[in-house]
Amino acid sequence: MLALAAVAARANAQQDYAAMMYRMHHDERPVANASWIAPRADVDTETVAYAGSTTGYLAHPKGSGHNPAVVMIHEWWGLNDNVRMEARRLAGEGYTVLAVDLYHGKSAQTPDDARNLVIDVVHNPGDALANLNAAVSYVKSHGAKKVGVLGWCFGGAWSIQEALNDAPQIDADVAYYGTPVTDPEKLAKMPPFLGLYGSADGGIPVDSVKKMEVTLQAEHRIVEVKVYDGAQHAFANPSGQHYDKAAADDAWQRTTAFLAKYLKG
């Protein structure tokens, strides 16, 4: 009976998560409303199979050798052109970036489609973690000595989960408005963490963000958290309807400084 109750509770939590995501994005579409942001240096890109037949988008500095790597996790829309742009942009900072695909070739153009894709993932969390573990193994097998994870929204939540699940292999985690984890036992093994959130996020209360920060501090983990006053959920997405350039630009500067410190240092 206890096992059945645990399964039921987990199923309810999964449905609640998908519903929360839908509430935050129900009025949005992944339509560009801002200029693409070019990388600061030339990069090469290719599509690679990193987990069986699952393919991702690989970007790295043009003509460079081995670089520290970042496994990049898409928002709830999927691995689309915005995420590929972000991969190229970060590669221009001196990283090998593997933008993964947790939807196995699918992407969404409407909130209803995105909700269905999210539900598929949260019903199979082991598959998602295996996907991310494979991505980390892929970049390490191609010469990366240090690896970070970075994601936004849905991907921010999964970046936290991957950092906790595969902690010995992860040297830094950057989560843009990813659902916080506050369990001290889980956070005791967290690698250096940068959390970027908006005070006007309708789905992630600032109190939960602060609780995660305080818990990480109590566990003597390296943690940096920035909450942007007035910024909404998805404030860093230039293809979204809640893009906040000032907050996004500052978050990017914090991101690159943090990754440089823990992946290049």
# chains A, B, ... in the order shown; residues from 1 in each chain; ligands from 1

call {"tool": "residues_around", "arguments": {"residues": "region 241-254 of chain A", "least_positions_apart": "5", "cutoff": "8 Å", "atoms": "only C-alpha atoms", "output": "ChimeraX atom specification"}}
result
/A:28-29,33,196,228,231-236

call {"tool": "write_last_selection", "arguments": {"atoms": "C-alpha atoms", "output": "PDB file, in the first residue's frame"}}
result
ATOM      1  CA  GLU A  28       3.176  32.276 -25.483  1.00  0.00           C
ATOM      2  CA  ARG A  29       4.547  31.015 -28.767  1.00  0.00           C
ATOM      3  CA  ASN A  33      10.721  38.958 -31.330  1.00  0.00           C
ATOM      4  CA  LEU A 196      18.920  33.028 -12.070  1.00  0.00           C
ATOM      5  CA  TYR A 228      15.774  40.085 -10.900  1.00  0.00           C
ATOM      6  CA  ALA A 231      11.438  39.976 -14.281  1.00  0.00           C
ATOM      7  CA  GLN A 232       8.990  37.276 -15.296  1.00  0.00           C
ATOM      8  CA  HIS A 233       9.479  33.612 -16.065  1.00  0.00           C
ATOM      9  CA  ALA A 234      11.483  33.083 -19.284  1.00  0.00           C
ATOM     10  CA  PHE A 235      12.975  36.566 -19.032  1.00  0.00           C
ATOM     11  CA  ALA A 236      16.142  35.429 -20.832  1.00  0.00           C
TER      12      ALA A 236
END

call {"tool": "select_by_dssp", "arguments": {"residues": "region 74-246 of chain A", "states": "strand (DSSP E)", "output": "list in words"}}
result
Thr96, Val97, Leu98, Ala99, Val147, Gly148, Val149, Leu150, Gly151, Trp152, Ala172, Asp173, Val174, Ala175, Tyr176, Phe193, Leu194, Gly195, Leu196, Tyr197, Gly198, Val223, Glu224, Val225, Lys226, Val227 and Tyr228 of chain A

call {"tool": "write_last_selection", "arguments": {"atoms": "N, CA and C atoms", "output": "PDB file, in the first residue's frame"}}
result
ATOM      1  N   THR A  96      32.944  23.834 -25.717  1.00  0.00           N
ATOM      2  CA  THR A  96      32.223  22.871 -26.535  1.00  0.00           C
ATOM      3  C   THR A  96      30.841  22.733 -25.922  1.00  0.00           C
ATOM      4  N   VAL A  97      29.821  23.013 -26.702  1.00  0.00           N
ATOM      5  CA  VAL A  97      28.450  23.016 -26.178  1.00  0.00           C
ATOM      6  C   VAL A  97      27.647  21.940 -26.898  1.00  0.00           C
ATOM      7  N   LEU A  98      27.066  21.038 -26.125  1.00  0.00           N
ATOM      8  CA  LEU A  98      26.173  20.023 -26.671  1.00  0.00           C
ATOM      9  C   LEU A  98      24.755  20.336 -26.205  1.00  0.00           C
ATOM     10  N   ALA A  99      23.942  20.828 -27.126  1.00  0.00           N
ATOM     11  CA  ALA A  99      22.529  21.082 -26.827  1.00  0.00           C
ATOM     12  C   ALA A  99      21.773  19.777 -27.018  1.00  0.00           C
ATOM     13  N   VAL A 147      33.088  19.732 -17.140  1.00  0.00           N
ATOM     14  CA  VAL A 147      31.777  19.791 -17.782  1.00  0.00           C
ATOM     15  C   VAL A 147      30.790  20.520 -16.885  1.00  0.00           C
ATOM     16  N   GLY A 148      30.045  21.438 -17.481  1.00  0.00           N
ATOM     17  CA  GLY A 148      28.953  22.095 -16.782  1.00  0.00           C
ATOM     18  C   GLY A 148      27.622  21.755 -17.432  1.00  0.00           C
ATOM     19  N   VAL A 149      26.541  22.017 -16.723  1.00  0.00           N
ATOM     20  CA  VAL A 149      25.204  21.876 -17.290  1.00  0.00           C
ATOM     21  C   VAL A 149      24.501  23.225 -17.170  1.00  0.00           C
ATOM     22  N   LEU A 150      23.670  23.519 -18.154  1.00  0.00           N
ATOM     23  CA  LEU A 150      22.961  24.800 -18.190  1.00  0.00           C
ATOM     24  C   LEU A 150      21.607  24.574 -18.842  1.00  0.00           C
ATOM     25  N   GLY A 151      20.561  25.153 -18.255  1.00  0.00           N
ATOM     26  CA  GLY A 151      19.242  25.023 -18.858  1.00  0.00           C
ATOM     27  C   GLY A 151      18.324  26.148 -18.432  1.00  0.00           C
ATOM     28  N   TRP A 152      17.234  26.263 -19.196  1.00  0.00           N
ATOM     29  CA  TRP A 152      16.236  27.291 -18.923  1.00  0.00           C
ATOM     30  C   TRP A 152      14.885  26.636 -18.647  1.00  0.00           C
ATOM     31  N   ALA A 172      29.937  22.379 -12.690  1.00  0.00           N
ATOM     32  CA  ALA A 172      29.183  23.618 -12.479  1.00  0.00           C
ATOM     33  C   ALA A 172      27.786  23.440 -13.049  1.00  0.00           C
ATOM     34  N   ASP A 173      26.817  24.095 -12.414  1.00  0.00           N
ATOM     35  CA  ASP A 173      25.432  24.053 -12.891  1.00  0.00           C
ATOM     36  C   ASP A 173      24.875  25.465 -12.922  1.00  0.00           C
ATOM     37  N   VAL A 174      24.296  25.837 -14.063  1.00  0.00           N
ATOM     38  CA  VAL A 174      23.612  27.127 -14.207  1.00  0.00           C
ATOM     39  C   VAL A 174      22.159  26.842 -14.541  1.00  0.00           C
ATOM     40  N   ALA A 175      21.259  27.312 -13.695  1.00  0.00           N
ATOM     41  CA  ALA A 175      19.826  27.085 -13.903  1.00  0.00           C
ATOM     42  C   ALA A 175      19.114  28.420 -14.025  1.00  0.00           C
ATOM     43  N   TYR A 176      18.551  28.668 -15.202  1.00  0.00           N
ATOM     44  CA  TYR A 176      17.682  29.823 -15.406  1.00  0.00           C
ATOM     45  C   TYR A 176      16.260  29.392 -15.053  1.00  0.00           C
ATOM     46  N   PHE A 193      26.797  26.102  -8.008  1.00  0.00           N
ATOM     47  CA  PHE A 193      25.473  26.355  -8.578  1.00  0.00           C
ATOM     48  C   PHE A 193      25.222  27.852  -8.736  1.00  0.00           C
ATOM     49  N   LEU A 194      24.750  28.227  -9.921  1.00  0.00           N
ATOM     50  CA  LEU A 194      24.290  29.588 -10.189  1.00  0.00           C
ATOM     51  C   LEU A 194      22.820  29.514 -10.562  1.00  0.00           C
ATOM     52  N   GLY A 195      21.967  30.187  -9.788  1.00  0.00           N
ATOM     53  CA  GLY A 195      20.539  30.222 -10.062  1.00  0.00           C
ATOM     54  C   GLY A 195      20.097  31.619 -10.441  1.00  0.00           C
ATOM     55  N   LEU A 196      19.352  31.730 -11.531  1.00  0.00           N
ATOM     56  CA  LEU A 196      18.920  33.028 -12.070  1.00  0.00           C
ATOM     57  C   LEU A 196      17.402  33.018 -12.182  1.00  0.00           C
ATOM     58  N   TYR A 197      16.757  33.919 -11.435  1.00  0.00           N
ATOM     59  CA  TYR A 197      15.306  33.883 -11.310  1.00  0.00           C
ATOM     60  C   TYR A 197      14.713  35.295 -11.417  1.00  0.00           C
ATOM     61  N   GLY A 198      13.401  35.355 -11.646  1.00  0.00           N
ATOM     62  CA  GLY A 198      12.684  36.621 -11.701  1.00  0.00           C
ATOM     63  C   GLY A 198      11.716  36.742 -10.546  1.00  0.00           C
ATOM     64  N   VAL A 223      27.406  28.513  -4.003  1.00  0.00           N
ATOM     65  CA  VAL A 223      26.115  28.900  -4.553  1.00  0.00           C
ATOM     66  C   VAL A 223      26.059  30.405  -4.795  1.00  0.00           C
ATOM     67  N   GLU A 224      25.531  30.767  -5.950  1.00  0.00           N
ATOM     68  CA  GLU A 224      25.226  32.160  -6.283  1.00  0.00           C
ATOM     69  C   GLU A 224      23.796  32.201  -6.805  1.00  0.00           C
ATOM     70  N   VAL A 225      22.996  33.087  -6.271  1.00  0.00           N
ATOM     71  CA  VAL A 225      21.613  33.239  -6.717  1.00  0.00           C
ATOM     72  C   VAL A 225      21.334  34.708  -6.979  1.00  0.00           C
ATOM     73  N   LYS A 226      20.707  34.988  -8.105  1.00  0.00           N
ATOM     74  CA  LYS A 226      20.289  36.345  -8.432  1.00  0.00           C
ATOM     75  C   LYS A 226      18.806  36.331  -8.789  1.00  0.00           C
ATOM     76  N   VAL A 227      18.037  37.165  -8.100  1.00  0.00           N
ATOM     77  CA  VAL A 227      16.616  37.324  -8.398  1.00  0.00           C
ATOM     78  C   VAL A 227      16.423  38.723  -8.981  1.00  0.00           C
ATOM     79  N   TYR A 228      15.927  38.808 -10.207  1.00  0.00           N
ATOM     80  CA  TYR A 228      15.774  40.085 -10.900  1.00  0.00           C
ATOM     81  C   TYR A 228      14.411  40.691 -10.592  1.00  0.00           C
TER      82      TYR A 228
END

call {"tool": "residues_around", "arguments": {"residues": "Gly78 (chain A)", "least_positions_apart": "3", "cutoff": "6 Å", "atoms": "only C-alpha atoms", "output": "list in words"}}
result
His74, Glu75 and Ser107 of chain A

call {"tool": "write_last_selection", "arguments": {"atoms": "N, CA and C atoms", "output": "PDB file, in the first residue's frame"}}
result
ATOM      1  N   HIS A  74      17.277  22.378 -23.281  1.00  0.00           N
ATOM      2  CA  HIS A  74      16.277  23.285 -23.856  1.00  0.00           C
ATOM      3  C   HIS A  74      15.117  23.579 -22.909  1.00  0.00           C
ATOM      4  N   GLU A  75      14.391  24.661 -23.244  1.00  0.00           N
ATOM      5  CA  GLU A  75      13.140  24.985 -22.561  1.00  0.00           C
ATOM      6  C   GLU A  75      12.061  23.990 -22.959  1.00  0.00           C
ATOM      7  N   SER A 107       9.581  18.979 -31.370  1.00  0.00           N
ATOM      8  CA  SER A 107       9.566  20.300 -30.745  1.00  0.00           C
ATOM      9  C   SER A 107       8.152  20.827 -30.845  1.00  0.00           C
TER      10      SER A 107
END

call {"tool": "residues_around", "arguments": {"residues": "Trp36 (chain A)", "least_positions_apart": "6", "cutoff": "10 Å", "atoms": "only C-alpha atoms", "output": "list in words"}}
result
Asp81, Asn82, Met85, Glu86, Arg89, Pro238 and Ser239 of chain A

call {"tool": "write_last_selection", "arguments": {"atoms": "N, CA and C atoms", "output": "tab-separated table (two decimals), in the first residue's frame"}}
result
chain	number	residue	atom	x	y	z
A	81	ASP	N	15.46	26.66	-32.85
A	81	ASP	CA	16.48	27.59	-33.35
A	81	ASP	C	17.00	28.51	-32.25
A	82	ASN	N	16.15	28.86	-31.28
A	82	ASN	CA	16.61	29.72	-30.20
A	82	ASN	C	17.70	29.02	-29.37
A	85	MET	N	20.89	28.89	-31.29
A	85	MET	CA	21.55	30.19	-31.22
A	85	MET	C	22.32	30.32	-29.90
A	86	GLU	N	21.70	29.92	-28.80
A	86	GLU	CA	22.36	30.01	-27.50
A	86	GLU	C	23.58	29.10	-27.44
A	89	ARG	N	26.28	30.88	-29.31
A	89	ARG	CA	26.72	32.04	-28.51
A	89	ARG	C	27.67	31.60	-27.40
A	238	PRO	N	15.08	35.36	-25.89
A	238	PRO	CA	14.82	36.43	-26.85
A	238	PRO	C	13.74	36.09	-27.87
A	239	SER	N	13.31	34.82	-27.88
A	239	SER	CA	12.21	34.46	-28.78
A	239	SER	C	10.88	34.37	-28.04

call {"tool": "residues_around", "arguments": {"residues": "Gly230 (chain A)", "least_positions_apart": "4", "cutoff": "9 Å", "atoms": "only C-alpha atoms", "output": "number ranges by chain"}}
result
A: 198-201

call {"tool": "atom_distance", "arguments": {"atom1": "CA of Gly105 (chain A)", "atom2": "CA of Pro61 (chain A)"}}
result
25.1 Å

call {"tool": "closest_residue", "arguments": {"among": "A:Ala19, A:Leu259, A:Ala69, A:Met24", "to": "His142 (chain A)", "atoms": "only C-alpha atoms"}}
result
A:Ala69

call {"tool": "decode", "arguments": {"residues": "region 74-93 of chain A", "atoms": "C-alpha atoms", "output": "PDB file, in the first residue's frame"}}
result
ATOM      1  CA  HIS A  74      16.277  23.285 -23.856  1.00  0.00           C
ATOM      2  CA  GLU A  75      13.140  24.985 -22.561  1.00  0.00           C
ATOM      3  CA  TRP A  76       9.779  23.288 -22.780  1.00  0.00           C
ATOM      4  CA  TRP A  77       9.512  24.164 -26.498  1.00  0.00           C
ATOM      5  CA  GLY A  78      12.296  21.721 -27.348  1.00  0.00           C
ATOM      6  CA  LEU A  79      15.580  21.916 -29.211  1.00  0.00           C
ATOM      7  CA  ASN A  80      14.660  24.753 -31.561  1.00  0.00           C
ATOM      8  CA  ASP A  81      16.480  27.586 -33.348  1.00  0.00           C
ATOM      9  CA  ASN A  82      16.611  29.718 -30.197  1.00  0.00           C
ATOM     10  CA  VAL A  83      18.479  27.005 -28.305  1.00  0.00           C
ATOM     11  CA  ARG A  84      20.828  26.457 -31.244  1.00  0.00           C
ATOM     12  CA  MET A  85      21.554  30.188 -31.218  1.00  0.00           C
ATOM     13  CA  GLU A  86      22.355  30.011 -27.497  1.00  0.00           C
ATOM     14  CA  ALA A  87      24.651  27.039 -28.134  1.00  0.00           C
ATOM     15  CA  ARG A  88      26.599  28.987 -30.760  1.00  0.00           C
ATOM     16  CA  ARG A  89      26.720  32.038 -28.514  1.00  0.00           C
ATOM     17  CA  LEU A  90      28.180  30.083 -25.598  1.00  0.00           C
ATOM     18  CA  ALA A  91      30.587  28.212 -27.867  1.00  0.00           C
ATOM     19  CA  GLY A  92      31.917  31.626 -28.860  1.00  0.00           C
ATOM     20  CA  GLU A  93      33.042  32.043 -25.248  1.00  0.00           C
TER      21      GLU A  93
END
